[in-house]
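Trainee: This is the structure I want to talk about, given as structure tokens.
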Amino acid sequence: MKLKNYKQRIESIPESTNREVKHSLDILDRIHELLLEKFGGKQKLLAEKMGKTEAEISKWINGNHNFTMKTISKLEAAFGAPIIAVCTSDANADFEQVKLPFNTLHKTVFVSEAGLKEEEHPSFTDIKMTLADEDIAEMSI
Amino acid sequence: MVVYFELIEDLCSERVDIYTARLGDAMLFEYEKYYDKEFARHKEERDFIDGVLEEIKLRGALKRYFRNEGPADALPNAVPDEIVRSNKDDQGIRLYCIRLADNVLILLNGDIKTAQNPKECPNVRKHFLFAQQLARFLTTYIYEERIDMVNDRYCFHKKEIEL
């Protein structure tokens with residue numbers, strides 16, 4: 001079956017709502033990914049680490065919760081890894097930890113423009129330090 | 001009562017087959033009835049649910065995206081606080097559904113929930129109870145009929161089941 005005017009209906013959703021939905025599901029997916037990676041998927045271990053009840057953790061993991069920055073920060077501390085990434089020019093930002101495509105892009109841009117004025121791009125200076133040995137060797141070739 | 005299933009073409013993707021059901025001789029499918037409702041005072045929430053369904057097309061019908069309603073499920077799972085605060089007289093929209101697997105979802109009817117217990121809400125009571133009844137039935141049916149939901153795509157399409 002086909003829905004009446006479905007395309008128009010979807011196109012009428014405000015961009016801000018679409019972003020809100022995407023961010024909500026991204027955060028939920030990332031928490032599940034980290035729970036599996038760091039605690040073998042066991043909510044109980046995360047609850048112990050955070051000093052929370054398993055019921056409270058379950059509420060977060062099952063998506064019945066609107067996350068505040070405070071909760072996200074506490075979860076990040078418990079996982080020892082970031083849940084959200086923000087576009088920033090902070091030279092000290094630890095991009096290496098965040099598994100997102102744009103970080104790869106940042107590194108690639110730097111490598112391909114190695115001869116350019118590095119000092120004018122302080123945000124890239126820190127990334128240089130995170131390059132693997134083989135990348136640095138490749139740059140010198 | 002005979003329940004007839006059909007794919008909702010607009011909502012299907014490589015990741016997920018989304019169905020709806022029609023009861024007996026009803027003119028409309030259950031999800032069509034929900035889809036045609038106005039929800040004038042809950043437009044933002046309805047947009048949010050439509051947005052979630054669009055994302056489910058890309059990500060699959062993962063358990064964490066749904067509100068647990070016993071054997072059945074519902075959307076939305078969590079809505080932004082701003083929307084919750086604006087729902088002064090009710091508890092917002094509930095779209096009842098049955099998530100059978102990451103790649104199989106059945107959307108039913110829904111409405112604005114006005115009581116904590118769905119059985120006490122005149123709007124959602126019958127949708128909630130039907131979702132429960134169908135979900136319980138399908139759990140047994142899938143097992144007994146040995147339906148392979150992962151490998152047999154469109155396994156419910158145009159299927160009639162005596163409930």
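Ordered as shown in the structure tokens, chains take letters A, B, and onward, while each chain numbers its residues from 1 and ligands are numbered from 1 in the order shown.
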Would you give me, as a tab-separated table, each residue of chain B having an atom within 12 Å of an atom of chain A, along with its shortest atom pair and that distance in Å to one decimal, using only C-alpha atoms and sorting by chain and residue number?

Mentor:
```
residue	atom	partner	partner_atom	distance
B:Phe5	CA	A:Met1	CA	10.0
B:Glu6	CA	A:Met1	CA	6.6
B:Leu7	CA	A:Met1	CA	6.2
B:Ile8	CA	A:Met1	CA	5.1
B:Glu9	CA	A:Lys2	CA	5.6
B:Asp10	CA	A:Lys2	CA	6.1
B:Leu11	CA	A:Lys2	CA	9.0
B:Cys12	CA	A:Lys2	CA	10.6
B:Ile18	CA	A:Met1	CA	10.7
B:Tyr19	CA	A:Met1	CA	9.0
B:Thr20	CA	A:Met1	CA	8.9
B:Ala21	CA	A:Met1	CA	10.6
B:Arg22	CA	A:Met1	CA	11.2
B:Leu28	CA	A:Met1	CA	10.4
B:Phe29	CA	A:Met1	CA	9.0
B:Glu30	CA	A:Met1	CA	11.8
B:Tyr31	CA	A:Leu3	CA	9.4
B:Glu32	CA	A:Leu3	CA	7.2
B:Lys33	CA	A:Leu3	CA	10.7
B:Tyr34	CA	A:Leu3	CA	11.2
B:Tyr35	CA	A:Leu3	CA	8.1
B:Asp36	CA	A:Lys4	CA	8.7
B:Lys43	CA	A:Ile13	CA	9.5
B:Glu44	CA	A:Thr17	CA	7.8
B:Glu45	CA	A:Thr17	CA	9.3
B:Arg46	CA	A:Ile13	CA	9.4
B:Asp47	CA	A:Ile13	CA	5.8
B:Phe48	CA	A:Thr17	CA	6.3
B:Ile49	CA	A:Val21	CA	8.6
B:Asp50	CA	A:Ile10	CA	7.2
B:Gly51	CA	A:Asn18	CA	5.8
B:Val52	CA	A:Val21	CA	6.1
B:Leu53	CA	A:Val21	CA	9.7
B:Glu54	CA	A:Ile10	CA	8.4
B:Glu55	CA	A:Lys22	CA	7.1
B:Ile56	CA	A:Leu25	CA	9.5
B:Leu58	CA	A:Lys22	CA	10.8
B:Arg59	CA	A:Leu25	CA	9.4
B:Gly60	CA	A:Leu25	CA	11.5
B:Ala61	CA	A:Leu25	CA	11.6
B:Leu62	CA	A:Asp29	CA	9.5
B:Lys63	CA	A:Asn62	CA	7.9
B:Arg64	CA	A:Asn62	CA	4.9
B:Tyr65	CA	A:Gly63	CA	6.6
B:Phe66	CA	A:Gly63	CA	7.8
B:Arg67	CA	A:Asn64	CA	7.3
B:Asn68	CA	A:Asn62	CA	8.9
B:Ala74	CA	A:Asn64	CA	11.8
B:Leu75	CA	A:Asn64	CA	10.9
B:Pro76	CA	A:Asn64	CA	9.3
B:Asn77	CA	A:Asn64	CA	5.7
B:Ala78	CA	A:Asn64	CA	4.9
B:Val79	CA	A:Asn66	CA	7.3
B:Pro80	CA	A:Asn66	CA	6.3
B:Asp81	CA	A:Asn66	CA	6.7
B:Glu82	CA	A:Asn66	CA	10.2
B:Ile83	CA	A:Asn66	CA	11.2
B:Val84	CA	A:Asn66	CA	10.3
B:His157	CA	A:Met1	CA	10.2
B:Lys158	CA	A:Met1	CA	10.2
```

Trainee: Would you mind exporting C-alpha atoms of the selected residues as a PDB file, in the first residue's frame?

Mentor:
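The result, stored in selection-v5.pdb:
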```
ATOM      1  CA  PHE B   5      -1.034  -7.739   6.200  1.00  0.00           C
ATOM      2  CA  GLU B   6       0.505  -5.558   3.554  1.00  0.00           C
ATOM      3  CA  LEU B   7       3.812  -3.758   3.092  1.00  0.00           C
ATOM      4  CA  ILE B   8       3.836   0.035   3.392  1.00  0.00           C
ATOM      5  CA  GLU B   9       5.862   0.813   0.282  1.00  0.00           C
ATOM      6  CA  ASP B  10       6.819   4.333   1.338  1.00  0.00           C
ATOM      7  CA  LEU B  11       8.407   3.116   4.560  1.00  0.00           C
ATOM      8  CA  CYS B  12      10.276   0.045   3.340  1.00  0.00           C
ATOM      9  CA  ILE B  18       7.413  -2.268   7.353  1.00  0.00           C
ATOM     10  CA  TYR B  19       3.906  -3.683   7.257  1.00  0.00           C
ATOM     11  CA  THR B  20       0.508  -2.674   8.441  1.00  0.00           C
ATOM     12  CA  ALA B  21      -2.612  -4.748   9.083  1.00  0.00           C
ATOM     13  CA  ARG B  22      -6.269  -4.554   8.107  1.00  0.00           C
ATOM     14  CA  LEU B  28      -8.484   1.182   5.861  1.00  0.00           C
ATOM     15  CA  PHE B  29      -5.334  -0.372   7.211  1.00  0.00           C
ATOM     16  CA  GLU B  30      -4.550   0.344  10.855  1.00  0.00           C
ATOM     17  CA  TYR B  31      -1.576   2.590  10.077  1.00  0.00           C
ATOM     18  CA  GLU B  32      -3.599   4.469   7.462  1.00  0.00           C
ATOM     19  CA  LYS B  33      -6.115   5.343  10.180  1.00  0.00           C
ATOM     20  CA  TYR B  34      -3.313   6.775  12.306  1.00  0.00           C
ATOM     21  CA  TYR B  35      -1.694   8.492   9.320  1.00  0.00           C
ATOM     22  CA  ASP B  36      -4.943  10.272   8.427  1.00  0.00           C
ATOM     23  CA  LYS B  43       2.129  18.412  15.259  1.00  0.00           C
ATOM     24  CA  GLU B  44       5.689  18.580  16.544  1.00  0.00           C
ATOM     25  CA  GLU B  45       5.375  15.187  18.170  1.00  0.00           C
ATOM     26  CA  ARG B  46       3.883  13.621  15.067  1.00  0.00           C
ATOM     27  CA  ASP B  47       6.719  15.091  12.992  1.00  0.00           C
ATOM     28  CA  PHE B  48       9.146  13.558  15.490  1.00  0.00           C
ATOM     29  CA  ILE B  49       7.560  10.101  15.031  1.00  0.00           C
ATOM     30  CA  ASP B  50       7.590  10.472  11.234  1.00  0.00           C
ATOM     31  CA  GLY B  51      11.260  11.457  11.515  1.00  0.00           C
ATOM     32  CA  VAL B  52      12.022   8.369  13.603  1.00  0.00           C
ATOM     33  CA  LEU B  53      10.350   6.154  10.991  1.00  0.00           C
ATOM     34  CA  GLU B  54      12.498   7.764   8.293  1.00  0.00           C
ATOM     35  CA  GLU B  55      15.622   7.017  10.365  1.00  0.00           C
ATOM     36  CA  ILE B  56      14.436   3.440  10.954  1.00  0.00           C
ATOM     37  CA  LEU B  58      18.196   3.713   7.310  1.00  0.00           C
ATOM     38  CA  ARG B  59      19.109   1.989  10.584  1.00  0.00           C
ATOM     39  CA  GLY B  60      16.646  -0.877  10.926  1.00  0.00           C
ATOM     40  CA  ALA B  61      13.945  -1.383  13.545  1.00  0.00           C
ATOM     41  CA  LEU B  62      16.325  -1.742  16.482  1.00  0.00           C
ATOM     42  CA  LYS B  63      14.741  -2.578  19.832  1.00  0.00           C
ATOM     43  CA  ARG B  64      16.144   0.526  21.517  1.00  0.00           C
ATOM     44  CA  TYR B  65      14.144   2.842  19.246  1.00  0.00           C
ATOM     45  CA  PHE B  66      10.841   1.588  20.648  1.00  0.00           C
ATOM     46  CA  ARG B  67       8.858   1.959  23.830  1.00  0.00           C
ATOM     47  CA  ASN B  68       8.233  -1.392  25.484  1.00  0.00           C
ATOM     48  CA  ALA B  74       5.075   1.811  20.550  1.00  0.00           C
ATOM     49  CA  LEU B  75       6.570   5.014  19.215  1.00  0.00           C
ATOM     50  CA  PRO B  76       7.896   7.413  20.259  1.00  0.00           C
ATOM     51  CA  ASN B  77      10.340   6.023  22.769  1.00  0.00           C
ATOM     52  CA  ALA B  78      11.634   9.245  24.257  1.00  0.00           C
ATOM     53  CA  VAL B  79      10.443  12.616  23.031  1.00  0.00           C
ATOM     54  CA  PRO B  80      12.266  15.867  23.686  1.00  0.00           C
ATOM     55  CA  ASP B  81      11.485  17.455  27.090  1.00  0.00           C
ATOM     56  CA  GLU B  82      10.111  20.534  25.360  1.00  0.00           C
ATOM     57  CA  ILE B  83       7.370  18.433  23.753  1.00  0.00           C
ATOM     58  CA  VAL B  84       6.652  16.584  27.006  1.00  0.00           C
ATOM     59  CA  HIS B 157       3.077  -9.363   2.549  1.00  0.00           C
ATOM     60  CA  LYS B 158      -0.527 -10.047   1.473  1.00  0.00           C
TER      61      LYS B 158
END
```

Trainee: Excluding range 148-151 of chain B and residues on its chain fewer than 2 positions from it, collect all residues at most 12 Å away from it, counting only C-alpha atoms, and give them as number ranges by chain.

Mentor: B: 15-17, 99-105, 138-139, 141-146, 153-157

Trainee: Give me, as a VMD selection string, the residues of chain B that a backbone DSSP run labels strand (DSSP E).

Mentor: chain B and resid 2 to 7 17 to 23 67 to 69 72 to 75 93 to 101 104 to 112 160 to 162

Trainee: Take CA of Lys126 in chain B and CA of Lys159 in chain B and report the distance between them in Å, one decimal.

Mentor: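 CA of Lys159 in chain B lies 22.7 Å from CA of Lys126 in chain B.
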
Trainee: Residues within 9 Å of Arg94 in chain B, please, as a ChimeraX atom specification. Count only C-alpha atoms; anything in the same chain fewer than 3 positions from it doesn't count.

Mentor: /B:74-76,91,109-113,124,128

Trainee: Quick one: of B:Asn123, B:Glu160, B:Asp25, B:His42, who's nearest to Asn87 in chain B, counting only C-alpha atoms?

Mentor: B:His42

Trainee: What does the structure give for the distance between CA of Ile98 in chain B and CA of Lys57 in chain B, in Å to one decimal?

Mentor: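 Pair CA of Ile98 in chain B / CA of Lys57 in chain B returns 15.6 Å.
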
Trainee: Return the single residue from A:Val86, A:Ile57, A:Leu45, A:Leu34 that is closest to Thr71 in chain A, with distances computed using only C-alpha atoms.

Mentor: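 Ranking A:Val86, A:Ile57, A:Leu45, A:Leu34 by distance to Thr71 in chain A, first place goes to A:Ile57.
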